[in-house]
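These notes are about the structure you will find just below.
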Amino acid sequence: MTTKLASDFFIMPTNLNNNIKEINYPQKVIIGRNAIMEINKFIKPESNRVLIVTHSPGRFSSKGTVEFIQTILAKINIETKLFHIPGTPDTDLVDLGVECAKNFDCQIILCIGGGTVLDAGKLIASLVNNAGNCEEYQSGQRVIINRSVPVIAVPTTAGSGSEATSVSVIKNKNDGFIKSVSSALMIPPIVILDPALIEDIPPFLAATSGLDAFSHAMESFTSLKSSQISQTMSLNAGKLIYESLPKIVNKTASSDDYSNLMIGSHLAGQALNAGVGAAHIFAQPITAVTGCSHGLALSIVLKEVTIFNEVQFPKIYDPFISYIDSTSESKGKKMSKLIEIFMTNIGLGNTSESILSKNSIPEIMNQIVLSTSHIWTNPRIVTLEDLQDILEKSC
């Protein structure tokens, strides 16, 4: 295992070690079933070229949504161009997107898709107006200083909350690790939350993306960077997701459940102003090594990370538990047990058996060293030895 001191992971930035918190939001959030049908109202008349960043053909997205939007925009004489994201975006793909956006001379970037699309589109929009290539920003050689090309974010899954965050998760094309680029200037100014866009989502994708959102809510609630504002969003996000996701996965959902899941995912994304916990430190490295999705990677380690935190702070999750689940069944149960039940209810129990093996642990640990720099937000100090132990218990 690559050597790195615990202090290299767990250092609270001096400018944040106080009672002053900062919260960044999108400027406008439009919520409602079929809200996407009025997208032309949110595009300025002088914006006559729109780059649409979306999934590659054949990958899941709401059927016909992109074509429908292109038709609407064509009626008001707006030219559109598509840029496709085939999977987890890498540094080279982002650079190609920047080149495409510049050559097209777009005035707006419209992101329609799940977290990978939103992450890529936000970063492409930022780098159009900032010098250098994507890898330079991922490595910290450069920072984003200029505002992005305006972005309209339209999520078609409920999980990443990327439409509300300042983060883009990108794979390094040269070294294979996955690491975030972050800047408050990347938060989309306009977000459209249309629950109709997630009503046809396959159950397994709903489960894995929804678990990601639930993890955001839970981890941000206990983050050392949390505030009263972020915790309020964490609690409400957790409750909405906890109640709606099992029904959506098991095909017993009402239209309100889809709306609640989408809003819960968005609130959880906003709560990420407080940062994540140790479970998310694992997710990107596990995805880089095994190729599994982000949400599936979280399902492998979330319970064991929660147990790790509970050992030192037995009651840290109690306010979260009592808010999201007031039933008698939850009384006296630890968060780690509720997670186990929740994951079983959404079909993600025992996922590690087919994905994680002890042979993959050394490479995952090396990926953690390459990609991690912000583990200080976890409520309990975490060392590399702790992380390896959690991985071994998760197998």
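Residues are referred to by chain and number: the chain letter is A, B, ... according to the order shown in the structure tokens, the number counts from 1 in that chain, and ligands are numbered separately from 1 in the order shown.
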
* Asked: If you count only C-alpha atoms, which residues fall within 10 Å of stretch 21-38 of chain A, apart from same-chain ones fewer than 5 positions away, as a PyMOL selection string?
  -> chain A and resi 16+43+65+68-69+72+152-154+163-166+184-197+225-230+255-256+258-259+262-263+266+269-274

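Of the residues in stretch 137-348 of chain A, those that DSSP places in strand (DSSP E) on the basis of the backbone are Val151, Ile152, Ala153, Val154, Pro155, Val167, Ser168, Val169, Ile170, Lys171, Ile178, Lys179, Ser180, Val181, Ser182, Ile190, Val191, Ile192 and Leu193 of chain A.
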
Writing out the chosen residues with N, CA and C atoms as a PDB file, in the first residue's frame:
```
ATOM      1  N   VAL A 151     -25.208  27.807 -17.982  1.00  0.00           N
ATOM      2  CA  VAL A 151     -25.611  26.400 -18.012  1.00  0.00           C
ATOM      3  C   VAL A 151     -27.057  26.270 -17.554  1.00  0.00           C
ATOM      4  N   ILE A 152     -27.820  25.464 -18.292  1.00  0.00           N
ATOM      5  CA  ILE A 152     -29.134  25.004 -17.834  1.00  0.00           C
ATOM      6  C   ILE A 152     -29.001  23.510 -17.567  1.00  0.00           C
ATOM      7  N   ALA A 153     -29.262  23.097 -16.345  1.00  0.00           N
ATOM      8  CA  ALA A 153     -29.089  21.696 -15.959  1.00  0.00           C
ATOM      9  C   ALA A 153     -30.446  21.021 -15.824  1.00  0.00           C
ATOM     10  N   VAL A 154     -30.608  19.906 -16.546  1.00  0.00           N
ATOM     11  CA  VAL A 154     -31.859  19.148 -16.527  1.00  0.00           C
ATOM     12  C   VAL A 154     -31.541  17.700 -16.159  1.00  0.00           C
ATOM     13  N   PRO A 155     -31.633  17.335 -14.879  1.00  0.00           N
ATOM     14  CA  PRO A 155     -31.327  15.951 -14.502  1.00  0.00           C
ATOM     15  C   PRO A 155     -32.413  14.980 -14.955  1.00  0.00           C
ATOM     16  N   VAL A 167     -19.222  20.717  -8.021  1.00  0.00           N
ATOM     17  CA  VAL A 167     -18.247  19.641  -8.232  1.00  0.00           C
ATOM     18  C   VAL A 167     -18.503  18.914  -9.545  1.00  0.00           C
ATOM     19  N   SER A 168     -17.429  18.568 -10.236  1.00  0.00           N
ATOM     20  CA  SER A 168     -17.485  17.669 -11.389  1.00  0.00           C
ATOM     21  C   SER A 168     -16.518  16.524 -11.160  1.00  0.00           C
ATOM     22  N   VAL A 169     -17.011  15.304 -11.273  1.00  0.00           N
ATOM     23  CA  VAL A 169     -16.197  14.101 -11.059  1.00  0.00           C
ATOM     24  C   VAL A 169     -15.680  13.624 -12.412  1.00  0.00           C
ATOM     25  N   ILE A 170     -14.357  13.573 -12.552  1.00  0.00           N
ATOM     26  CA  ILE A 170     -13.731  13.309 -13.849  1.00  0.00           C
ATOM     27  C   ILE A 170     -12.667  12.222 -13.710  1.00  0.00           C
ATOM     28  N   LYS A 171     -12.595  11.348 -14.692  1.00  0.00           N
ATOM     29  CA  LYS A 171     -11.546  10.331 -14.740  1.00  0.00           C
ATOM     30  C   LYS A 171     -10.315  10.891 -15.433  1.00  0.00           C
ATOM     31  N   ILE A 178      -9.981   8.658 -10.577  1.00  0.00           N
ATOM     32  CA  ILE A 178     -11.144   9.529 -10.685  1.00  0.00           C
ATOM     33  C   ILE A 178     -11.065  10.563  -9.574  1.00  0.00           C
ATOM     34  N   LYS A 179     -11.129  11.831  -9.938  1.00  0.00           N
ATOM     35  CA  LYS A 179     -10.961  12.908  -8.962  1.00  0.00           C
ATOM     36  C   LYS A 179     -11.803  14.105  -9.371  1.00  0.00           C
ATOM     37  N   SER A 180     -12.304  14.804  -8.373  1.00  0.00           N
ATOM     38  CA  SER A 180     -13.204  15.927  -8.624  1.00  0.00           C
ATOM     39  C   SER A 180     -12.454  17.209  -8.969  1.00  0.00           C
ATOM     40  N   VAL A 181     -13.116  18.049  -9.749  1.00  0.00           N
ATOM     41  CA  VAL A 181     -12.743  19.447  -9.935  1.00  0.00           C
ATOM     42  C   VAL A 181     -13.865  20.262  -9.303  1.00  0.00           C
ATOM     43  N   SER A 182     -13.519  21.264  -8.525  1.00  0.00           N
ATOM     44  CA  SER A 182     -14.547  21.988  -7.785  1.00  0.00           C
ATOM     45  C   SER A 182     -14.356  23.497  -7.880  1.00  0.00           C
ATOM     46  N   ILE A 190     -29.357  27.959 -13.803  1.00  0.00           N
ATOM     47  CA  ILE A 190     -30.745  27.544 -14.009  1.00  0.00           C
ATOM     48  C   ILE A 190     -30.835  26.017 -13.940  1.00  0.00           C
ATOM     49  N   VAL A 191     -31.773  25.542 -13.131  1.00  0.00           N
ATOM     50  CA  VAL A 191     -32.006  24.102 -12.966  1.00  0.00           C
ATOM     51  C   VAL A 191     -33.481  23.827 -13.232  1.00  0.00           C
ATOM     52  N   ILE A 192     -33.757  22.778 -13.985  1.00  0.00           N
ATOM     53  CA  ILE A 192     -35.138  22.359 -14.228  1.00  0.00           C
ATOM     54  C   ILE A 192     -35.333  20.959 -13.656  1.00  0.00           C
ATOM     55  N   LEU A 193     -36.193  20.856 -12.652  1.00  0.00           N
ATOM     56  CA  LEU A 193     -36.502  19.572 -12.023  1.00  0.00           C
ATOM     57  C   LEU A 193     -37.879  19.122 -12.491  1.00  0.00           C
TER      58      LEU A 193
END
```

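Computed from the coordinates, the atom CA of A:Ala283 to atom CA of A:Ser215 distance equals 11.0 Å.
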
Leaving out stretch 198-213 of chain A and any residue of its chain fewer than 2 positions from it, which residues lie within 7 Å of it when counting only C-alpha atoms, given as a compact mmCIF listing (two decimals) with C-alpha atoms, in the first residue's frame?
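This went into around27.txt:
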```txt
# COMPACT_ATOMS: atom_id res chain seq x y z
CA SER A 62 -35.67 9.93 -20.77
CA THR A 156 -32.93 12.75 -15.83
CA THR A 157 -31.95 10.67 -12.82
CA ALA A 158 -32.38 11.39 -9.12
CA GLY A 159 -29.09 10.74 -7.41
CA SER A 160 -25.99 12.80 -8.05
CA GLY A 161 -27.52 16.18 -7.26
CA PRO A 195 -40.22 14.45 -12.23
CA ALA A 196 -41.76 13.18 -15.47
CA SER A 215 -25.63 8.99 1.12
CA HIS A 216 -25.25 12.69 0.33
CA ALA A 217 -27.99 13.50 2.83
CA LEU A 245 -37.15 5.33 -3.27
CA VAL A 249 -37.78 0.63 -7.15
CA TYR A 258 -41.19 10.68 -8.19
CA SER A 265 -31.91 14.37 -4.58
CA ALA A 268 -29.10 16.43 -0.89
CA GLY A 295 -23.99 4.30 -6.47
CA LEU A 296 -23.09 0.62 -6.55
CA LEU A 298 -21.33 3.26 -2.26
CA ILE A 346 -34.18 -1.27 -2.83
```

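Distances to A:Glu46 were evaluated for A:Glu79, A:Glu363, A:Glu310, A:Asp92 using only C-alpha atoms, and the minimum falls at A:Glu79.
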
* Proximity to A:Ile381 - best of A:Tyr317, A:Phe83, A:Phe308, A:Phe342, only C-alpha atoms ->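 So, comparing all the options, the nearest one is A:Phe308.
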
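Pairwise distance (atom CA of A:Lys122, atom CA of A:Phe221) equals 25.4 Å.
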
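Counting from atom CA of A:Cys395, the distance to atom CA of A:Gly176 is 22.8 Å.
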
* **Selection near A:Val143, 10 Å with only C-alpha atoms, sequence-local residues under 4 positions removed, as a ChimeraX atom specification** => /A:130-132,136-139,181-183

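Closest approach to A:Cys292 among A:Ser162, A:Gln141, A:Thr88, A:Asn133: A:Thr88, based on only C-alpha atoms.
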
* **9 Å contact set for A:Ile321, only C-alpha atoms, chain neighbours under 5 positions out, as a list in words** =>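 Returned residues: Ser326, Ser330, Lys331, Lys333, Lys334, Met335 and Leu338 of chain A.
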
* Residue with smallest distance to A:Glu67 - pool A:Lys44, A:Ile112, A:Lys337, A:Ile364, counting only C-alpha atoms -> A:Ile112
